[in-house]
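Participant: Following this line is query.csv, made up of CSV, C-alpha atoms and all ligand atoms:
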```
chain,number,residue,atom,x,y,z
Y,1,MET,CA,16.8,-13.8,0.6
Y,2,ARG,CA,16.3,-11.8,-2.5
Y,3,VAL,CA,13.7,-13.2,-5.0
Y,4,ASP,CA,15.2,-11.3,-7.9
Y,5,LEU,CA,18.6,-13.1,-7.3
Y,6,LEU,CA,16.9,-16.5,-6.9
Y,7,LEU,CA,15.1,-15.9,-10.2
Y,8,ALA,CA,18.3,-14.9,-11.9
Y,9,ALA,CA,20.0,-18.1,-10.7
Y,10,GLY,CA,17.4,-20.5,-12.2
Y,11,ARG,CA,13.8,-21.8,-11.8
Y,12,THR,CA,12.2,-21.2,-8.4
Y,13,ARG,CA,9.5,-23.1,-6.6
Y,14,SER,CA,7.7,-21.1,-3.9
Y,15,PHE,CA,4.8,-21.5,-1.6
Y,16,GLU,CA,2.3,-18.9,-0.3
Y,17,PHE,CA,0.8,-18.9,3.2
Y,18,PHE,CA,-1.5,-16.7,5.2
Y,19,PRO,CA,-0.9,-15.8,8.8
Y,20,PRO,CA,-2.9,-18.0,11.2
Y,21,LYS,CA,-5.5,-16.3,13.4
Y,22,THR,CA,-6.3,-19.1,15.9
Y,23,ASP,CA,-4.3,-21.7,17.8
Y,24,GLN,CA,-5.8,-24.4,15.6
Y,25,GLU,CA,-4.8,-22.6,12.4
Y,26,SER,CA,-1.3,-22.1,13.9
Y,27,SER,CA,-0.9,-25.9,14.4
Y,28,VAL,CA,-2.1,-26.6,10.9
Y,29,LEU,CA,0.4,-24.2,9.5
Y,30,ALA,CA,3.2,-25.6,11.6
Y,31,ALA,CA,2.5,-29.1,10.3
Y,32,THR,CA,2.3,-27.7,6.7
Y,33,LEU,CA,5.7,-25.9,7.1
Y,34,ASP,CA,7.3,-29.1,8.4
Y,35,ASP,CA,6.0,-31.1,5.6
Y,36,LEU,CA,6.8,-28.6,2.8
Y,37,GLU,CA,10.3,-28.0,4.2
Y,38,ARG,CA,11.2,-31.3,2.7
Y,39,LEU,CA,10.4,-30.0,-0.8
Y,40,ARG,CA,13.1,-27.4,-0.2
Y,41,PRO,CA,11.3,-24.3,-1.6
Y,42,SER,CA,13.3,-21.5,-3.1
Y,43,PHE,CA,11.3,-19.2,-0.9
Y,44,VAL,CA,7.9,-18.8,0.7
Y,45,SER,CA,5.6,-15.8,0.9
Y,46,VAL,CA,3.2,-14.6,3.5
Y,47,THR,CA,0.0,-12.6,2.7
Y,48,TYR,CA,-1.0,-9.4,4.4
Y,49,ARG,CA,-4.2,-7.9,5.7
Y,50,ALA,CA,-4.4,-4.2,6.4
Y,51,GLY,CA,-5.2,-3.0,9.9
Y,52,ALA,CA,-4.7,-4.8,13.2
Y,53,ALA,CA,-3.9,-8.1,11.4
Y,54,ARG,CA,-0.8,-6.7,9.7
Y,55,ALA,CA,1.5,-7.6,12.7
Y,56,ARG,CA,0.7,-11.3,12.0
Y,57,THR,CA,2.5,-11.1,8.6
Y,58,PHE,CA,5.5,-9.5,10.2
Y,59,ASP,CA,5.6,-12.1,13.0
Y,60,LEU,CA,5.3,-15.1,10.7
Y,61,VAL,CA,7.8,-13.8,8.1
Y,62,THR,CA,10.4,-13.1,10.8
Y,63,LYS,CA,9.7,-16.4,12.5
Y,64,ILE,CA,10.3,-18.3,9.3
Y,65,GLN,CA,13.5,-16.3,8.7
Y,66,ARG,CA,14.7,-17.1,12.2
Y,67,ALA,CA,14.0,-20.8,11.6
Y,68,GLY,CA,16.5,-20.6,8.7
Y,69,HIS,CA,15.2,-23.3,6.4
Y,70,PHE,CA,14.1,-21.0,3.6
Y,71,GLY,CA,13.7,-17.3,3.1
Y,72,ALA,CA,10.3,-15.6,3.4
Y,73,MET,CA,8.9,-12.7,1.4
Y,74,ALA,CA,6.4,-10.4,3.0
Y,75,HIS,CA,3.3,-9.2,1.2
Y,76,VAL,CA,2.3,-5.5,1.9
Y,77,THR,CA,-0.7,-3.6,0.8
Y,78,CYS,CA,-1.1,0.1,0.6
Y,79,VAL,CA,-4.8,1.0,0.1
Y,80,GLY,CA,-6.1,2.8,3.2
Y,81,HIS,CA,-2.6,3.5,4.6
Y,82,ARG,CA,-1.2,7.0,5.0
Y,83,ARG,CA,2.2,7.4,3.4
Y,84,GLU,CA,4.1,7.9,6.7
Y,85,GLU,CA,2.4,4.9,8.3
Y,86,MET,CA,3.3,2.8,5.2
Y,87,ARG,CA,6.9,4.0,5.4
Y,88,ASP,CA,7.0,2.8,9.1
Y,89,VAL,CA,5.8,-0.6,8.0
Y,90,LEU,CA,8.5,-0.8,5.3
Y,91,VAL,CA,11.2,0.4,7.7
Y,92,GLN,CA,10.2,-2.3,10.2
Y,93,TYR,CA,10.7,-5.0,7.5
Y,94,ARG,CA,14.0,-3.5,6.3
Y,95,ASP,CA,15.3,-3.3,9.9
Y,96,ALA,CA,14.3,-6.9,10.5
Y,97,GLY,CA,16.4,-8.0,7.5
Y,98,VAL,CA,13.5,-8.9,5.2
Y,99,GLU,CA,14.8,-8.3,1.7
Y,100,SER,CA,11.9,-9.3,-0.5
Y,101,LEU,CA,8.4,-7.7,-0.7
Y,102,MET,CA,5.3,-8.2,-2.7
Y,103,ALA,CA,4.0,-4.7,-3.2
Y,104,LEU,CA,0.2,-4.7,-3.6
Y,105,ALA,CA,-2.6,-2.2,-3.6
Y,106,GLY,CA,-4.9,-4.5,-1.6
Y,107,ASP,CA,-8.7,-4.3,-1.9
Y,108,PRO,CA,-10.6,-1.1,-1.2
Y,109,LEU,CA,-11.6,-0.9,2.4
Y,110,GLU,CA,-15.3,-1.2,3.3
Y,111,GLY,CA,-17.0,1.9,4.8
Y,112,PRO,CA,-16.1,5.5,4.3
Y,113,ALA,CA,-12.7,6.3,2.8
Y,114,ASP,CA,-10.2,6.9,5.5
Y,115,GLY,CA,-7.6,9.1,3.9
Y,116,GLY,CA,-5.3,6.5,2.4
Y,117,GLU,CA,-2.7,8.3,0.3
Y,118,LEU,CA,-1.4,5.5,-1.8
Y,119,ALA,CA,-3.9,4.5,-4.5
Y,120,TYR,CA,-2.1,1.9,-6.5
Y,121,ALA,CA,0.6,-0.8,-6.1
Y,122,LEU,CA,3.0,1.4,-8.1
Y,123,ASP,CA,2.9,4.0,-5.4
Y,124,LEU,CA,4.0,1.4,-2.9
Y,125,VAL,CA,6.8,0.1,-5.2
Y,126,ARG,CA,8.1,3.7,-5.4
Y,127,LEU,CA,7.9,4.2,-1.6
Y,128,ALA,CA,9.6,0.8,-1.0
Y,129,ARG,CA,12.5,1.9,-3.3
Y,130,GLU,CA,12.9,5.0,-1.2
Y,131,VAL,CA,13.0,3.0,2.0
Y,132,GLY,CA,15.4,0.2,1.2
Y,133,GLU,CA,17.2,-2.1,-1.2
Y,134,PHE,CA,14.2,-4.5,-1.4
Y,135,SER,CA,13.7,-7.0,-4.1
Y,136,ILE,CA,10.1,-6.1,-5.1
Y,137,GLY,CA,7.4,-8.3,-6.7
Y,138,VAL,CA,4.0,-7.1,-7.9
Y,139,ALA,CA,0.7,-8.9,-8.7
Y,140,ALA,CA,-0.4,-9.7,-12.3
Y,141,HIS,CA,-3.8,-10.9,-13.5
Y,142,PRO,CA,-3.7,-13.0,-16.6
Y,143,GLN,CA,-7.4,-12.4,-17.3
Y,144,GLY,CA,-7.1,-8.7,-16.2
Y,145,HIS,CA,-7.8,-7.4,-12.8
Y,146,PRO,CA,-11.6,-7.7,-12.0
Y,147,ARG,CA,-11.7,-3.9,-11.4
Y,148,SER,CA,-10.2,-3.0,-14.7
Y,149,PRO,CA,-12.5,-1.7,-17.4
Y,150,ASP,CA,-10.7,-3.7,-20.1
Y,151,LEU,CA,-7.7,-5.9,-20.5
Y,152,ALA,CA,-5.6,-3.5,-22.6
Y,153,SER,CA,-5.6,-0.8,-19.8
Y,154,ASP,CA,-4.8,-3.4,-17.2
Y,155,ARG,CA,-1.9,-4.6,-19.2
Y,156,ARG,CA,-0.6,-1.0,-19.6
Y,157,HIS,CA,-0.9,-0.4,-15.8
Y,158,LEU,CA,0.8,-3.7,-15.1
Y,159,ALA,CA,3.7,-2.9,-17.5
Y,160,GLU,CA,4.1,0.5,-15.9
Y,161,LYS,CA,4.3,-1.1,-12.4
Y,162,LEU,CA,6.5,-4.0,-13.5
Y,163,ARG,CA,9.0,-1.6,-15.1
Y,164,GLU,CA,9.8,-0.3,-11.6
Y,165,ALA,CA,9.5,-3.7,-9.8
Y,166,ASP,CA,11.7,-6.8,-10.2
Y,167,PHE,CA,9.2,-9.6,-10.9
Y,168,ALA,CA,5.5,-10.4,-10.9
Y,169,ILE,CA,3.5,-13.3,-9.5
Y,170,THR,CA,0.2,-14.0,-11.1
Y,171,GLN,CA,-3.3,-14.6,-9.8
Y,172,PHE,CA,-4.1,-18.3,-10.3
Y,173,PHE,CA,-5.4,-19.4,-13.7
Y,174,PHE,CA,-6.0,-22.6,-15.5
Y,175,ALA,CA,-4.4,-22.6,-19.0
Y,176,ALA,CA,-0.7,-22.2,-19.8
Y,177,SER,CA,-1.8,-20.1,-22.8
Y,178,GLU,CA,-3.0,-17.4,-20.4
Y,179,TRP,CA,0.4,-17.0,-18.9
Y,180,ARG,CA,2.0,-17.0,-22.4
Y,181,ALA,CA,-0.4,-14.3,-23.6
Y,182,LEU,CA,0.4,-12.2,-20.5
Y,183,VAL,CA,4.1,-12.5,-21.0
Y,184,ASP,CA,3.8,-11.8,-24.7
Y,185,ASP,CA,1.6,-8.7,-24.1
Y,186,LEU,CA,4.2,-7.4,-21.6
Y,187,ALA,CA,7.0,-8.0,-24.1
Y,188,ALA,CA,5.1,-6.0,-26.7
Y,189,LEU,CA,5.0,-3.2,-24.1
Y,190,GLY,CA,8.8,-3.5,-23.7
Y,191,VAL,CA,8.8,-5.3,-20.3
Y,192,ASP,CA,10.6,-8.6,-19.9
Y,193,ARG,CA,10.8,-9.1,-16.1
Y,194,PRO,CA,10.1,-12.6,-14.8
Y,195,VAL,CA,6.5,-13.4,-14.3
Y,196,LEU,CA,6.0,-16.3,-11.9
Y,197,PRO,CA,2.8,-18.2,-12.6
Y,198,GLY,CA,0.6,-18.7,-9.5
Y,199,VAL,CA,-0.9,-22.2,-9.3
Y,200,MET,CA,-3.9,-23.3,-7.2
Y,201,PRO,CA,-5.5,-26.7,-7.8
Y,202,VAL,CA,-9.3,-26.7,-7.8
Y,203,THR,CA,-10.0,-29.5,-5.4
Y,204,THR,CA,-13.7,-29.0,-4.5
Y,205,LEU,CA,-16.9,-28.1,-6.4
Y,206,SER,CA,-17.5,-25.1,-4.2
Y,207,ALA,CA,-14.0,-23.7,-5.2
Y,208,ILE,CA,-15.2,-23.4,-8.8
Y,209,THR,CA,-17.6,-20.6,-7.8
Y,210,ARG,CA,-15.2,-19.0,-5.3
Y,211,MET,CA,-12.4,-18.8,-7.8
Y,212,ALA,CA,-14.7,-17.1,-10.4
Y,213,GLU,CA,-15.5,-14.5,-7.8
Y,214,MET,CA,-11.8,-13.9,-7.4
Y,215,GLY,CA,-11.4,-13.1,-11.1
Y,216,ALA,CA,-10.1,-16.5,-12.3
Y,217,THR,CA,-12.8,-18.4,-14.2
Y,218,VAL,CA,-12.5,-22.1,-14.1
Y,219,PRO,CA,-12.7,-23.3,-17.7
Y,220,GLU,CA,-15.9,-25.3,-18.5
Y,221,GLN,CA,-14.0,-28.4,-19.4
Y,222,LEU,CA,-12.2,-28.5,-16.1
Y,223,ALA,CA,-15.3,-27.7,-14.1
Y,224,ALA,CA,-17.1,-30.5,-16.0
Y,225,SER,CA,-14.4,-33.0,-15.3
Y,226,LEU,CA,-14.5,-32.3,-11.5
Y,227,ILE,CA,-18.3,-32.5,-11.5
Y,228,ASP,CA,-18.2,-35.8,-13.4
Y,229,ALA,CA,-15.4,-37.2,-11.1
Y,230,HIS,CA,-17.5,-36.1,-8.1
Y,231,ALA,CA,-20.6,-37.8,-9.4
Y,232,ARG,CA,-18.7,-41.0,-9.9
Y,233,GLY,CA,-16.3,-41.1,-6.9
Y,234,GLY,CA,-17.4,-38.4,-4.5
Y,235,PRO,CA,-15.1,-35.6,-3.1
Y,236,ALA,CA,-11.9,-37.7,-3.2
Y,237,ALA,CA,-12.3,-38.3,-6.9
Y,238,ALA,CA,-13.0,-34.6,-7.6
Y,239,ARG,CA,-10.0,-33.7,-5.6
Y,240,ALA,CA,-7.8,-36.2,-7.6
Y,241,ALA,CA,-9.1,-34.7,-10.9
Y,242,GLY,CA,-8.2,-31.2,-9.7
Y,243,VAL,CA,-4.7,-32.2,-8.6
Y,244,ALA,CA,-4.1,-34.0,-12.0
Y,245,ALA,CA,-5.3,-30.9,-13.9
Y,246,ALA,CA,-3.0,-28.6,-11.9
Y,247,THR,CA,-0.1,-31.0,-12.5
Y,248,ARG,CA,-0.7,-30.9,-16.3
Y,249,LEU,CA,-0.9,-27.1,-16.1
Y,250,CYS,CA,2.5,-27.0,-14.3
Y,251,GLU,CA,4.1,-29.3,-16.9
Y,252,GLU,CA,2.8,-27.0,-19.7
Y,253,LEU,CA,4.1,-23.9,-17.9
Y,254,LEU,CA,7.5,-25.4,-17.4
Y,255,ASP,CA,7.6,-26.4,-21.1
Y,256,ALA,CA,6.5,-22.9,-22.1
Y,257,GLY,CA,9.5,-21.5,-20.2
Y,258,ALA,CA,8.0,-20.2,-16.9
Y,259,PRO,CA,10.7,-18.9,-14.6
Y,260,GLY,CA,9.3,-21.0,-11.7
Y,261,LEU,CA,6.1,-22.1,-10.0
Y,262,HIS,CA,4.4,-20.3,-7.2
Y,263,PHE,CA,1.8,-22.4,-5.2
Y,264,TYR,CA,-1.1,-21.0,-3.4
Y,265,THR,CA,-1.2,-23.5,-0.5
Y,266,LEU,CA,-4.1,-22.2,1.6
Y,267,ASN,CA,-1.8,-23.4,4.5
Y,268,ARG,CA,-2.2,-27.0,3.5
Y,269,SER,CA,0.6,-29.2,2.2
Y,270,THR,CA,-1.1,-32.2,0.6
Y,271,ALA,CA,-2.1,-30.9,-2.8
Y,272,THR,CA,1.2,-29.0,-3.3
Y,273,ARG,CA,3.2,-32.1,-2.3
Y,274,GLU,CA,1.2,-34.3,-4.6
Y,275,ILE,CA,1.8,-32.0,-7.6
Y,276,HIS,CA,5.5,-31.8,-6.7
Y,277,ASP,CA,5.8,-35.5,-6.5
Y,278,ALA,CA,4.0,-36.0,-9.8
Y,279,LEU,CA,6.2,-33.4,-11.5
Y,280,PHE,CA,9.6,-34.2,-10.1
Y,281,GLY,CA,9.3,-37.6,-8.4
Y,282,PRO,CA,9.0,-38.1,-4.7
Y,283,ASP,CA,12.7,-38.1,-3.9
Y,284,ASP,CA,13.8,-35.2,-6.0
Y,285,PHE,CA,13.6,-32.5,-3.4
Y,286,ARG,CA,14.4,-34.5,-0.3
Y,287,PRO,CA,17.4,-33.3,1.7
Y,288,PRO,CA,20.4,-35.5,1.4
Y,289,GLY,CA,20.9,-38.1,4.1
Y,290,GLY,CA,17.5,-39.8,3.9
Y,291,VAL,CA,15.7,-37.4,6.2
Y,292,GLY,CA,12.2,-36.5,5.3
Y,293,GLU,CA,9.8,-39.4,5.4
Y,294,SER,CA,6.3,-38.4,4.3
Y,295,PRO,CA,3.9,-38.3,7.3
V,1,LIG,P1,-2.8,-2.3,-8.7
V,1,LIG,O1,-1.6,-2.8,-9.5
V,1,LIG,O2,-2.8,-1.0,-8.1
V,1,LIG,O3,-4.1,-2.4,-9.7
V,1,LIG,C1,-5.4,-2.3,-9.2
V,1,LIG,C2,-6.3,-1.9,-10.3
V,1,LIG,O4,-6.0,-0.5,-10.6
V,1,LIG,C3,-6.2,-2.7,-11.6
V,1,LIG,O5,-7.4,-2.7,-12.2
V,1,LIG,C4,-5.2,-1.8,-12.4
V,1,LIG,O6,-5.3,-2.0,-13.8
V,1,LIG,C5,-5.7,-0.4,-12.0
V,1,LIG,N1,-4.6,0.6,-12.1
V,1,LIG,C6,-3.3,0.5,-11.7
V,1,LIG,N2,-2.7,1.7,-11.9
V,1,LIG,C7,-3.6,2.6,-12.3
V,1,LIG,C8,-3.6,4.0,-12.7
V,1,LIG,N3,-2.5,4.7,-12.6
V,1,LIG,N4,-4.8,4.5,-13.1
V,1,LIG,C9,-5.9,3.8,-13.2
V,1,LIG,N5,-6.0,2.5,-12.9
V,1,LIG,C10,-4.9,1.9,-12.5
V,1,LIG,N6,-4.4,-8.8,-1.3
V,1,LIG,C11,-4.2,-8.6,0.0
V,1,LIG,O7,-4.9,-7.8,0.7
V,1,LIG,N7,-3.1,-9.2,0.7
V,1,LIG,C12,-2.2,-9.9,0.0
V,1,LIG,O8,-1.3,-10.5,0.7
V,1,LIG,C13,-2.4,-10.2,-1.4
V,1,LIG,N8,-1.5,-10.9,-2.1
V,1,LIG,C14,-1.7,-11.1,-3.4
V,1,LIG,C15,-0.7,-11.9,-4.1
V,1,LIG,C16,-0.9,-12.1,-5.5
V,1,LIG,C17,0.2,-12.9,-6.2
V,1,LIG,C18,-2.0,-11.5,-6.2
V,1,LIG,C19,-2.2,-11.7,-7.6
V,1,LIG,C20,-2.9,-10.7,-5.5
V,1,LIG,C21,-2.8,-10.5,-4.1
V,1,LIG,N9,-3.7,-9.7,-3.4
V,1,LIG,C22,-3.5,-9.5,-2.0
V,1,LIG,C23,-4.9,-9.1,-4.0
V,1,LIG,C24,-4.6,-7.7,-4.5
V,1,LIG,O9,-4.3,-6.9,-3.4
V,1,LIG,C25,-5.9,-7.2,-5.1
V,1,LIG,O10,-6.1,-7.9,-6.3
V,1,LIG,C26,-6.1,-5.7,-5.3
V,1,LIG,O11,-7.4,-5.4,-5.6
V,1,LIG,C27,-5.2,-5.1,-6.4
V,1,LIG,O12,-3.9,-5.2,-6.1
V,1,LIG,P2,-2.8,-4.9,-7.2
V,1,LIG,O13,-1.5,-4.9,-6.4
V,1,LIG,O14,-2.9,-5.7,-8.4
V,1,LIG,O15,-3.2,-3.4,-7.6
```
Can the structure in the file be given as structure tokens, please?

Facilitator:
Amino acid sequence: MRVDLLLAAGRTRSFEFFPPKTDQESSVLAATLDDLERLRPSFVSVTYRAGAARARTFDLVTKIQRAGHFGAMAHVTCVGHRREEMRDVLVQYRDAGVESLMALAGDPLEGPADGGELAYALDLVRLAREVGEFSIGVAAHPQGHPRSPDLASDRRHLAEKLREADFAITQFFFAASEWRALVDDLAALGVDRPVLPGVMPVTTLSAITRMAEMGATVPEQLAASLIDAHARGGPAAARAAGVAAATRLCEELLDAGAPGLHFYTLNRSTATREIHDALFGPDDFRPPGGVGESP
């Protein structure tokens, strides 16, 4: 499954998961995968944590591939890895038949620096090109990466990295104009690779603060509408307001020409399925033959 070829063939819809750490998380993810399989995603992606946890990404990606319902892309991060160690990771994916990778820097490790040799995602893109014929995606931040001193330098570094990759997926954001501005800025820098917008509905009041910490400020109007809905109807009303806002965002993105939609699922299916049903109708992505009743 090559994401670049899927994007060349038409609009994609993709779902992002993280590898479960406990039996309980594993059963939640299994139920989510069952449920979302009915939406027939173009592909799914699996996040990565450096260190001992990295085998979980490999295990989940290869398990999803073996199941054969849809292709899986592996996220890989390079900060804190030695070059040869990172090469081994990439060879393992290549030899397992994984064709698409998200090449990421990852966040700086806590504690003393441990001799990582790959400072930026671009270093990993280049190493992955040496190792195999991967289709390679990179991360993009519509508001600029939180560690960047300014937006202009972040855009320049993104353009440099995307010139050597095949596509980008964005951090989540809340206004279609942010995606448009990012794509326009890249075009002005001579880069026209597909940029998939990352969508994550805000479904709780606590998420408003958490998202801001991750570099995606929830606009005041959206925050106010959730707070207002919560005051009138409690958590369920706030959640409904968040899903409705994310659905509007998706509509605007598709109208603006986005090459697809990438959903951050947090390993749950309900919000993603609701947005899908609102956008495309509940039956649009069911497999033929009437299989696929909603649970
Ligand atoms: P880079 O592209 O290397 O950029 C990092 C910073 O360095 C930016 O400020 C950039 O402007 C700057 N920079 C780049 N090149 C240079 C240069 N040559 N000189 C000076 N500055 C430079 N993290 C995980 O740990 N696991 C995951 O699975 C994961 N998945 C993600 C998926 C998506 C879609 C996104 C958007 C993010 C994901 N992240 C993940 C988070 C990501 O690892 C962090 O945001 C990380 O801090 C930066 O990664 P990057 O790939 O954007 O880094």

Participant: When you draw a straight line from atom N6 of ligand LIG 1 (chain V) to atom CA of Ala238 of chain Y, how long is it in Å?

Facilitator: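 We find that atom N6 of ligand LIG 1 (chain V) and atom CA of Ala238 of chain Y lie 27.9 Å from each other.
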
Participant: Output the neighbourhood of ligand LIG 1 (chain V) as a list in words, that is, all protein and nucleic acid residues with some atom at most 6 Å from the ligand, counting all atoms listed in the file.

Facilitator: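 Sorted by chain and then by number, the residues are Thr47, Tyr48, Arg49, His75, Thr77, Leu104, Ala105, Gly106, Asp107, Tyr120, Ala121, Ala139, Ala140, His145, Arg147, Ser148, Asp154, His157, Ile169, Thr170 and Gln171 of chain Y.
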
Participant: For Gly68 of chain Y, which of Y:Phe43, Y:Ile136, Y:Leu226, Y:Ala31 is the closest residue, counting all atoms listed in the file?

Facilitator: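 Checking each candidate against Gly68 of chain Y, we get Y:Phe43 as the closest.
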
Participant: Counting only C-alpha atoms, what is within 8 Å of Thr62 of chain Y, bar same-chain residues fewer than 5 positions away, as a JSON list (two decimals) with C-alpha atoms, keeping the file's coordinate frame?

Facilitator:
```
[["chain", "number", "residue", "atom", "x", "y", "z"],
["Y", 72, "ALA", "CA", 10.30, -15.60, 3.40],
["Y", 96, "ALA", "CA", 14.30, -6.90, 10.50],
["Y", 98, "VAL", "CA", 13.50, -8.90, 5.20]]
```

Participant: Which of these residues is nearest to Ala245 of chain Y, using all atoms listed in the file: Y:Gly51, Y:Pro219, Y:Pro142, Y:Gly137?

Facilitator: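 Closest residue, counting all atoms listed in the file: Y:Pro219.
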
Participant: Hey, what's within 12 Å of Arg268 of chain Y if we count all atoms listed in the file and toss same-chain stuff fewer than 3 positions away? As an mmCIF file with C-alpha atoms, in the frame of the given file, please?

Facilitator:
```
data_model
loop_
_atom_site.group_PDB
_atom_site.id
_atom_site.type_symbol
_atom_site.label_atom_id
_atom_site.label_comp_id
_atom_site.auth_asym_id
_atom_site.auth_seq_id
_atom_site.Cartn_x
_atom_site.Cartn_y
_atom_site.Cartn_z
ATOM 1 C CA PHE Y 15 4.800 -21.500 -1.600
ATOM 2 C CA GLU Y 16 2.300 -18.900 -0.300
ATOM 3 C CA PHE Y 17 0.800 -18.900 3.200
ATOM 4 C CA PHE Y 18 -1.500 -16.700 5.200
ATOM 5 C CA PRO Y 20 -2.900 -18.000 11.200
ATOM 6 C CA GLU Y 25 -4.800 -22.600 12.400
ATOM 7 C CA SER Y 26 -1.300 -22.100 13.900
ATOM 8 C CA SER Y 27 -0.900 -25.900 14.400
ATOM 9 C CA VAL Y 28 -2.100 -26.600 10.900
ATOM 10 C CA LEU Y 29 0.400 -24.200 9.500
ATOM 11 C CA ALA Y 30 3.200 -25.600 11.600
ATOM 12 C CA ALA Y 31 2.500 -29.100 10.300
ATOM 13 C CA THR Y 32 2.300 -27.700 6.700
ATOM 14 C CA LEU Y 33 5.700 -25.900 7.100
ATOM 15 C CA ASP Y 34 7.300 -29.100 8.400
ATOM 16 C CA ASP Y 35 6.000 -31.100 5.600
ATOM 17 C CA LEU Y 36 6.800 -28.600 2.800
ATOM 18 C CA MET Y 200 -3.900 -23.300 -7.200
ATOM 19 C CA PRO Y 201 -5.500 -26.700 -7.800
ATOM 20 C CA PHE Y 263 1.800 -22.400 -5.200
ATOM 21 C CA TYR Y 264 -1.100 -21.000 -3.400
ATOM 22 C CA THR Y 265 -1.200 -23.500 -0.500
ATOM 23 C CA ALA Y 271 -2.100 -30.900 -2.800
ATOM 24 C CA THR Y 272 1.200 -29.000 -3.300
ATOM 25 C CA ARG Y 273 3.200 -32.100 -2.300
ATOM 26 C CA GLU Y 274 1.200 -34.300 -4.600
#
```

Participant: Could you state the separation of atom CA of Arg94 of chain Y and atom CA of His81 of chain Y in Å, given to one decimal place?

Facilitator: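 Calculated distance between atom CA of Arg94 of chain Y and atom CA of His81 of chain Y is 18.1 Å.
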
Participant: In Å, how far is it from atom CA of Val76 of chain Y to atom CA of Leu122 of chain Y?

Facilitator: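 Separation between atom CA of Val76 of chain Y and atom CA of Leu122 of chain Y: 12.2 Å.
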
Participant: For segment 8-12 of chain Y, work out the shell of residues within 7 Å, counting only C-alpha atoms and skipping chain neighbours fewer than 4 positions away, then give it as a PyMOL selection string.

Facilitator: chain Y and resi 4+42+259-261

Participant: For His69 of chain Y, which residue among Y:Ser206, Y:Arg38, Y:Arg180, Y:Asp95 is the nearest when counting only C-alpha atoms?

Facilitator: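 Smallest distance to His69 of chain Y is found for Y:Arg38.
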
Participant: Counting only C-alpha atoms, figure out which residue out of Y:Ile208, Y:Val199, Y:Leu158, Y:Leu39 gets nearest to Asp277 of chain Y.

Facilitator: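 With only C-alpha atoms as the atom set, the closest residue is Y:Leu39.
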
Participant: Could you give me, as an NGL selection string, the residues within 8 Å of Phe134 of chain Y, counting only C-alpha atoms and dropping anything in the same chain fewer than 3 positions from it?

Facilitator: :Y and (2 or 94 or 98-101 or 128-129)

Participant: Do you know which residues lie at most 8 Å from (7.0, -10.2, 7.6), with coordinates as in the file and only C-alpha atoms counted, and could you write them as JSON, numbers by chain?

Facilitator: {"Y": [46, 55, 56, 57, 58, 59, 60, 61, 62, 72, 73, 74, 75, 93, 98]}

Participant: Could you write out that same residue set with C-alpha atoms as a compact mmCIF listing (two decimals), in the coordinates of the input?

Facilitator:
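What landed in out38.txt:
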```
# COMPACT_ATOMS: atom_id res chain seq x y z
CA VAL Y 46 3.20 -14.60 3.50
CA ALA Y 55 1.50 -7.60 12.70
CA ARG Y 56 0.70 -11.30 12.00
CA THR Y 57 2.50 -11.10 8.60
CA PHE Y 58 5.50 -9.50 10.20
CA ASP Y 59 5.60 -12.10 13.00
CA LEU Y 60 5.30 -15.10 10.70
CA VAL Y 61 7.80 -13.80 8.10
CA THR Y 62 10.40 -13.10 10.80
CA ALA Y 72 10.30 -15.60 3.40
CA MET Y 73 8.90 -12.70 1.40
CA ALA Y 74 6.40 -10.40 3.00
CA HIS Y 75 3.30 -9.20 1.20
CA TYR Y 93 10.70 -5.00 7.50
CA VAL Y 98 13.50 -8.90 5.20
```

Participant: Tell me which of Y:Leu127, Y:Val243, Y:Ala212, Y:Ala256 sits closest to Asp88 of chain Y, counting only C-alpha atoms.

Facilitator: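 For Asp88 of chain Y, the nearest of the given residues is Y:Leu127.
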
Participant: Which residue out of Y:Gly257, Y:Gly234, Y:Pro149, Y:Gly198 has the minimum interatomic distance to Ser45 of chain Y when all atoms listed in the file are used?

Facilitator: Y:Gly198

Participant: Using only C-alpha atoms, which residues sit within 7 Å of Pro41 of chain Y once same-chain residues fewer than 2 positions away are excluded, as a tab-separated table (two decimals) with C-alpha atoms, in the frame of the given file?

Facilitator:
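Resulting contents of out_36.tsv:
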```
chain	number	residue	atom	x	y	z
Y	13	ARG	CA	9.50	-23.10	-6.60
Y	14	SER	CA	7.70	-21.10	-3.90
Y	37	GLU	CA	10.30	-28.00	4.20
Y	39	LEU	CA	10.40	-30.00	-0.80
Y	43	PHE	CA	11.30	-19.20	-0.90
Y	44	VAL	CA	7.90	-18.80	0.70
Y	70	PHE	CA	14.10	-21.00	3.60
```
